[in-house]
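So the structure is just underneath, and the comments pick up after that.
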Amino acid sequence: MVPVPFFSSIQLFSMEVHMTKSVVSDAVAVKVTLRHSSNHSSIEDYARELVSGLTKYYPAPLNCHVILDHQKNDYEHNKLAEITVHVPQHDFVARESGLTYEQAIDSCIDSLSRQMQKYKEKQRNI
């Protein structure tokens, strides 16, 4: 009789649903991922519009990834937004939660704009 490894008969399944859409414009490439959700095109457009406004802080081409998620265990601030902005030689990350996706995205954009302004000032002083 040949011994059978314990893990050979177990199958693991992931219940997460991810939808990712990428849009590339002249200066900004934006990738939006929705977790545990299927279709929020108006929120995706809202996020793309705000992220494209970050070019005033960093004029070089930006590569952005927006992740929208919601938590079932928190009933007040259960909409989560995470925005990662990749620029040459640096990455900026902001994670915020709010009552709506729009509030969470706005908070992330505020945080990213502060981070990018601070980075720009440091680059000038070098």
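Each chain of the structure tokens is named A, B, ... in the order shown, its residues numbered from 1; ligands are numbered from 1 in display order.
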Q: With a distance cut-off of 9 Å and only C-alpha atoms, select the neighbouring residues of A:Leu54, excluding the residue or stretch itself and same-chain residues fewer than 3 positions from it, and output the selection as a ChimeraX atom specification.
A: /A:28,50-51,57-59,62,109,112-113,116
Q. Could you write out, as JSON, numbers by chain, all the residues of stretch 38-77 of chain A that DSSP marks as strand (DSSP E or B)?
A. {"A": [62, 63, 64, 65, 66, 67, 68, 69, 70]}
**Q.** From A:Glu49, A:Lys122, A:His40, A:Val32, residue lying nearest A:His65 [only C-alpha atoms]
**A.** A:Val32
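Between atom CA of A:His86 and atom CA of A:Cys64 there is a distance of 6.1 Å.
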(Q) Can you pull out the residues contacting A:Ile105? Cut-off 10 Å, using only C-alpha atoms, and skip same-chain residues under 4 positions away; I want them as a PyMOL selection string. (A) chain A and resi 43+46-47+50-51+66-68+79-83+94-98+100-101+109-111
Residues near A:His90, cut-off 12 Å, only C-alpha atoms, skip fewer than 2 positions along chain, as a compact mmCIF listing (two decimals) with N, CA and C atoms, in the first residue's frame:
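part.txt was written with the following content:
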# COMPACT_ATOMS: atom_id res chain seq x y z
N TYR A 58 2.93 65.85 -10.25
CA TYR A 58 4.05 65.10 -10.83
C TYR A 58 3.79 64.97 -12.33
N ALA A 60 5.43 63.78 -14.90
CA ALA A 60 5.86 62.61 -15.65
C ALA A 60 4.71 61.61 -15.75
N LEU A 62 2.26 58.76 -15.08
CA LEU A 62 1.90 58.06 -13.85
C LEU A 62 1.28 56.72 -14.19
N ASN A 63 1.50 55.77 -13.31
CA ASN A 63 0.88 54.46 -13.42
C ASN A 63 0.13 54.25 -12.11
N THR A 84 -2.60 53.29 -5.37
CA THR A 84 -1.15 53.23 -5.47
C THR A 84 -0.74 53.97 -6.73
N VAL A 85 0.16 54.93 -6.58
CA VAL A 85 0.65 55.71 -7.71
C VAL A 85 2.13 55.38 -7.88
N HIS A 86 2.48 54.86 -9.06
CA HIS A 86 3.86 54.51 -9.38
C HIS A 86 4.43 55.60 -10.27
N VAL A 87 5.48 56.24 -9.81
CA VAL A 87 6.22 57.21 -10.62
C VAL A 87 7.66 56.71 -10.68
N PRO A 88 8.45 57.23 -11.60
CA PRO A 88 9.83 56.76 -11.67
C PRO A 88 10.56 56.95 -10.33
N PHE A 92 3.71 55.92 -4.25
CA PHE A 92 2.88 56.56 -3.25
C PHE A 92 1.67 55.67 -3.00
N VAL A 93 1.31 55.47 -1.73
CA VAL A 93 0.19 54.59 -1.38
C VAL A 93 -0.70 55.30 -0.38
N GLN A 115 1.34 63.75 -0.09
CA GLN A 115 2.57 62.98 -0.24
C GLN A 115 3.38 63.44 -1.45
N MET A 116 2.69 63.70 -2.55
CA MET A 116 3.38 64.08 -3.78
C MET A 116 3.95 65.50 -3.67
N TYR A 119 7.08 65.20 -1.54
CA TYR A 119 8.15 64.58 -2.33
C TYR A 119 8.74 65.58 -3.32
N LYS A 120 7.87 66.37 -3.96
CA LYS A 120 8.31 67.37 -4.92
C LYS A 120 9.18 68.43 -4.25
N GLN A 123 12.59 67.00 -3.59
CA GLN A 123 13.38 66.91 -4.81
C GLN A 123 13.96 68.28 -5.18
Q) So, counting only C-alpha atoms, which residue among A:Gly53, A:Val30, A:Ser41, A:Gln71 is closest to A:Asp106? A) A:Gly53
Q) In Å, with one decimal, what is the gap from atom CA of A:Ser37 to atom CA of A:Ala104? A) 16.2 Å
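Nearest residue to A:His36 among A:His70, A:Gln103, A:Lys56, A:Cys108 is A:His70, counting only C-alpha atoms.
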